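Asks: Got a structure for you, questions after.
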Number of protein chains: 4
Amino acid sequence: MTDARIARTRTALAEALLALAGEKDFGEITIGEITARATVGYATFFRHYEDKDALLADVADVLLDELLEQMLPALIAADTLQASISLCRFVGSRRAICRALLAGGASANIRSELVRRAGARATDLSLPHPAGLTPDLLIPHAVAATLGLLAWWLDQDRLDETTMGAIIDRLVIGPVRSG
Amino acid sequence: MTDARIARTRTALAEALLALAGEKDFGEITIGEITARATVGYATFFRHYEDKDALLADVADVLLDELLEQMLPALIAADTLQASISLCRFVGSRRAICRALLAGGASANIRSELVRRAGARATDLSLPHPAGLTPDLLIPHAVAATLGLLAWWLDQDRLDETTMGAIIDRLVIGPVRSG
Amino acid sequence: MTDARIARTRTALAEALLALAGEKDFGEITIGEITARATVGYATFFRHYEDKDALLADVADVLLDELLEQMLPALIAADTLQASISLCRFVGSRRAICRALLAGGASANIRSELVRRAGARATDLSLPHPAGLTPDLLIPHAVAATLGLLAWWLDQDRLDETTMGAIIDRLVIGPVRSG
Amino acid sequence: MTDARIARTRTALAEALLALAGEKDFGEITIGEITARATVGYATFFRHYEDKDALLADVADVLLDELLEQMLPALIAADTLQASISLCRFVGSRRAICRALLAGGASANIRSELVRRAGARATDLSLPHPAGLTPDLLIPHAVAATLGLLAWWLDQDRLDETTMGAIIDRLVIGPVRSG
DNA sequence: CTCTAATCGAGACGGTACGTCGCGTCTTACG
DNA sequence: CGTAAGACGCGACGTACCGTCTCGATTAGAG
C-alpha cells in the first residue's frame, strides 16, 4: 500500500480524470482516454478502481469531506453570512479542482454524493427548523442549491468571494434558517 | 404522416421509457429494453428517434413547456404564493409523469433542459431584481431549486399541494424576489 | 438459419481458419486474426461460435464423419488392403483441407476428436479381435496411428495413394486384424 | 549453479507442474498456479525458466532420454518382444511421472518432442527396413504409436507389463520390423 | 375494395468500450 | 544487499450496446 508506484499511478489517473472532466461530460469520458492521458496501461486502471465512478469518488473524497465541513457550519452557525463567505473563500482557494468537480461533467455525480453525505450527517447536527420544514427536506435543498450557485460562480468568475457569500446566504442559507 | 401505426409505435416507446425511468437510472436504460417492453422491433426505434435522448426529449417536450409556463409566473406575479401553489397543483395533477421525469433516473437531463429553456426565455420577462443579482444567476437558481424541491415532494408524497407551494415560495421564490 | 448472411459469414470464418491453420500452430491463432482475414467483425465471431474450437469443430465436422466412414471399413472389411487404398484416395481427393486439419496446427485437436468419435462407434461394429486385444485399445490405436501416417504422407507428398494405402494396411490395419 | 536453494526451487516447480499436469490440460495450466502450488514467488519462475514449456522440457528431459534409450533397442534388437517388455517394465517402474507426462495434459508436447529426438537419432542407428518404408516414416510412426499405447496402458492400469509389452511388439514393433 | 407504398418484426452485422486474465518485465520494500 | 512480493504494460478474450442494414410480412389509406 505504501508502494511508490501505486501512489504515482493513482495520482496520474486522478489528474487525467480532472483534466478530462473539464473538457467533456463525465459520462462521455472513456477509461481508455483516462489511462492514455495518464500514460498508464489500460488494465492497470482496474487494478486500482472498480470503475470510473470509483476513481471519481477517490478523487473527490477528501475534498468533499472538507467541503461538507465548510457547508454545515453555515447552516447552524450564528453568523450565517460569515460562514457563507468562509465557504466561498475555501472554494475559491481550490478553484481549479472545485471547478472540475462541481461545474465539470461529473457535477451531477458529485452533487448527489455530497447531498448523500450531508444527509448522513443530518442526524448529528440539530438544525433548528421551523415547523413543517423537516431536515430531510432542508438539508438536501440547502446543499443542492448552494452547489448550484457555487458551480455558476466558478464558471462565471466575475464576483468576489464576499459578494458570492452574501448571495448564497441570502438565497439559500437565510431562507432555510429563518425560523 | 398521420399514419396510425406511427403514433402507436411512438406512444408505446414513450410509455416504455417512462416505465423504465421509474425503475432505474436513465443512463442504464437500454434501447433494447425500451423496444422489448414496448413490444416493438429493435430497429424500429431508430426509425423514429436518433437516440435515447431524442425519445426523452419528445416525451418531455410538451410537459416541459407547460411546466415552464407554470413556473415563470411565480417569479413575476404579484402573488408569488398563489403562483407557487398553482405550480404544485399542476405538477400534482400529472404526478405520474412528473415523478418519472423529475425524480426518476432521467431527472438530471430533464432539469438541465428545463434550466436551458428558462434561460432562453429569461430575456423575455423583465424580472425585477435587486442590484448584484442578475437574471442569469437567479433564473437557473430558481428553476433548479424549485425542481429539486418538487422532486423531493413527488418522492415523499407526504405534503399536500398548498403546503408544498408555501415551502417553495418561502425557500426559493420569496428570496429570489425579495428586493 | 437459412439467412444468406449467416452462411456467408461462416464460410468466410471457416476459410480463414483453414488458411491460418496451414501457417501456424492452432493454439497461436488469434480470433482477431481469423476475423480480420475473413473481413468480419470481431464480435461477429462469437455470434456463431463459442470459441476457436467450436469453429474448428464445425469446419471439420462433415469431413471427420466422412473420414470415419472411410476408416472403419478398413478395420472390418474382408479386403483391408483395398479399403486402406480407398481411404488414401479419399484423403488425396481432399488433400488441401485434410492437410490443414490433420497435419496443420490443429492436428492434435482433430485427432483426439476423431478418436473420440471412433470410440463412440466402436460398440456398433463388431470388430473381430484376438483375445486380450479389446476394441477400446485397438480402435484408438488404429485411428491414431492411421492419422499419424496420413499426416506424414500429406506433408511429404511423395508416395502415391496405392503405395500409401499398402503401408497403412501393413503397419496398422493388418496387425490390428491379424487374429 | 549448485546452489541448494536453486535446486529446491526447481524441484518444487517441477513437482507442481507434474501434479497439475495430472489434473488438467497443459495449455490450461497457469504459471501463477504452478508458483502458487510450489509456494514460490511468481517472478521467481522466470529466473529459472523462460516459459512453461521450458519447465516442462526440464522436467521431461532426463526421462525422455532414458525412455528413448529403452525404445530404440526395441526397433533394432534381435528379440523385439523382450525389448518391448523391458520398455514396459521401465515405464511401469516410473508409473507416476510417465503417466503425468505421457497421458496427462502435456502429452501432445511430450510426444512430439520425443518423436523429434528419435528422428534426430534415426541416422545413428541403421534400421533394417523393407523397400519403400524409409526410416523417416518408420521411426515417427513407431515412436508415436508406442507412446499412444503406453498412454492408454497407464490410464487403464489393467494389464501387466509382460502382456503390454507383447501388445506393443505385436501392434507396432513387429510390423515395423517385418521385412 | 383493391393496390401500392409505407411501416413493421426480426435480427445479422461492424464497431467501440468494457472488464478480465495471463504473460513476462521491472521495481520496491523488507529481511 | 539480495530476494519475495507484486505492480506494471501489453495483448487477447468474451460481452454488451449502439446504430446500420437487409429481409419479408403486414397493413394502412389513396384511388
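Naming works like this for the C-alpha cells: A, B, ... for the chains as they're shown, residue 1 at the start of each chain, ligands 1 onward in shown order.
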Please determine the contact residues of chain B with respect to chain F at a cut-off of 12 Å, counting only C-alpha atoms (C1' of nucleotides), and supply them as a PyMOL selection string.

Replies: chain B and resi 1-6+28-33+42-47+49-52

Asks: Pick out the residues sitting within 12 Å of A:Trp153, and hand them over as a tab-separated table (two decimals) with N, CA and C atoms, in the first residue's frame; count only C-alpha atoms (C1' of nucleotides), and ignore anything fewer than 3 positions along from it in its own chain.

Replies:
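What follows is the written file part_16.tsv:
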```
chain	number	residue	atom	x	y	z
A	88	CYS	N	-17.12	30.27	0.57
A	88	CYS	CA	-16.67	30.75	-0.74
A	88	CYS	C	-15.16	30.93	-0.78
A	91	VAL	N	-13.70	27.48	-1.24
A	91	VAL	CA	-13.87	27.02	-2.62
A	91	VAL	C	-12.94	27.81	-3.56
A	92	GLY	N	-12.88	29.12	-3.30
A	92	GLY	CA	-12.02	29.95	-4.16
A	92	GLY	C	-10.56	29.56	-4.05
A	95	ARG	N	-10.00	26.64	-6.41
A	95	ARG	CA	-10.82	26.91	-7.59
A	95	ARG	C	-10.70	25.82	-8.66
A	98	CYS	N	-12.25	22.40	-7.63
A	98	CYS	CA	-13.68	22.58	-7.38
A	98	CYS	C	-14.42	22.81	-8.69
A	99	ARG	N	-13.82	23.55	-9.56
A	99	ARG	CA	-14.44	23.80	-10.86
A	99	ARG	C	-14.61	22.48	-11.63
A	102	LEU	N	-17.32	20.39	-9.47
A	102	LEU	CA	-18.68	20.91	-9.29
A	102	LEU	C	-19.31	21.42	-10.57
A	103	ALA	N	-18.50	22.02	-11.43
A	103	ALA	CA	-19.08	22.60	-12.64
A	103	ALA	C	-18.78	21.74	-13.87
A	146	THR	N	-26.88	25.38	-2.86
A	146	THR	CA	-25.57	26.01	-2.66
A	146	THR	C	-24.59	25.55	-3.73
A	147	LEU	N	-24.58	24.26	-3.99
A	147	LEU	CA	-23.67	23.74	-5.01
A	147	LEU	C	-24.01	24.32	-6.37
A	148	GLY	N	-25.29	24.47	-6.65
A	148	GLY	CA	-25.70	25.06	-7.92
A	148	GLY	C	-25.15	26.47	-8.06
A	149	LEU	N	-25.27	27.25	-7.01
A	149	LEU	CA	-24.76	28.62	-7.06
A	149	LEU	C	-23.24	28.65	-7.16
A	150	LEU	N	-22.60	27.76	-6.43
A	150	LEU	CA	-21.14	27.71	-6.49
A	150	LEU	C	-20.67	27.34	-7.90
A	156	GLN	N	-18.51	31.51	-13.92
A	156	GLN	CA	-18.52	32.92	-14.31
A	156	GLN	C	-17.20	33.60	-13.97
A	157	ASP	N	-16.78	33.39	-12.75
A	157	ASP	CA	-15.53	34.01	-12.29
A	157	ASP	C	-15.62	35.54	-12.36
A	158	ARG	N	-16.78	36.06	-11.98
A	158	ARG	CA	-16.95	37.52	-12.03
A	158	ARG	C	-17.01	38.14	-10.64
A	159	LEU	N	-17.69	37.48	-9.74
A	159	LEU	CA	-17.89	38.06	-8.41
A	159	LEU	C	-16.79	37.65	-7.44
A	160	ASP	N	-16.53	38.53	-6.48
A	160	ASP	CA	-15.53	38.15	-5.47
A	160	ASP	C	-16.18	37.28	-4.40
A	161	GLU	N	-15.35	36.76	-3.52
A	161	GLU	CA	-15.85	35.78	-2.55
A	161	GLU	C	-16.84	36.37	-1.56
A	162	THR	N	-16.62	37.58	-1.20
A	162	THR	CA	-17.53	38.20	-0.25
A	162	THR	C	-18.92	38.37	-0.85
A	163	THR	N	-18.96	38.88	-2.08
A	163	THR	CA	-20.25	39.07	-2.74
A	163	THR	C	-20.98	37.73	-2.91
A	164	MET	N	-20.23	36.73	-3.35
A	164	MET	CA	-20.85	35.43	-3.58
A	164	MET	C	-21.36	34.84	-2.27
A	165	GLY	N	-20.57	35.00	-1.22
A	165	GLY	CA	-21.01	34.51	0.07
A	165	GLY	C	-22.32	35.16	0.48
A	167	ILE	N	-24.60	36.34	-1.50
A	167	ILE	CA	-25.68	35.81	-2.34
A	167	ILE	C	-26.17	34.47	-1.82
A	168	ILE	N	-25.23	33.60	-1.55
A	168	ILE	CA	-25.61	32.28	-1.03
A	168	ILE	C	-26.38	32.44	0.27
B	133	LEU	N	-27.76	40.84	-8.16
B	133	LEU	CA	-28.35	39.54	-8.51
B	133	LEU	C	-28.92	39.61	-9.92
B	136	ASP	N	-29.23	36.00	-15.00
B	136	ASP	CA	-28.51	34.79	-15.42
B	136	ASP	C	-28.07	33.95	-14.23
B	137	LEU	N	-28.18	34.53	-13.02
B	137	LEU	CA	-27.94	33.73	-11.83
B	137	LEU	C	-29.28	33.31	-11.21
B	138	LEU	N	-30.18	34.26	-11.16
B	138	LEU	CA	-31.44	33.99	-10.46
B	138	LEU	C	-32.30	32.94	-11.15
B	141	HIS	N	-31.01	29.40	-10.77
B	141	HIS	CA	-31.15	29.01	-9.37
B	141	HIS	C	-32.61	28.71	-9.03
```

Asks: Work out how far atom CA of D:Leu101 is from atom CA of D:Leu18, in Å to one decimal.

Replies: 7.5 Å

Asks: For a quick test of understanding: name the residues of chain D lying within 6 Å of chain C when counting only C-alpha atoms, and present them as a ChimeraX atom specification.

Replies: /D:145,171,175

Asks: For chain E against chain C, with a cut-off of 8 Å and counting only C-alpha atoms (C1' of nucleotides), what is the closest atom pair and its distance in Å to one decimal for every residue that makes the cut, ordered by chain and number, as a tab-separated table?

Replies:
```
residue	atom	partner	partner_atom	distance
E:DA12	C1'	C:Arg5	CA	7.0
E:DC13	C1'	C:Thr44	CA	7.1
E:DG14	C1'	C:Gly41	CA	5.3
E:DG15	C1'	C:Gly41	CA	7.6
```
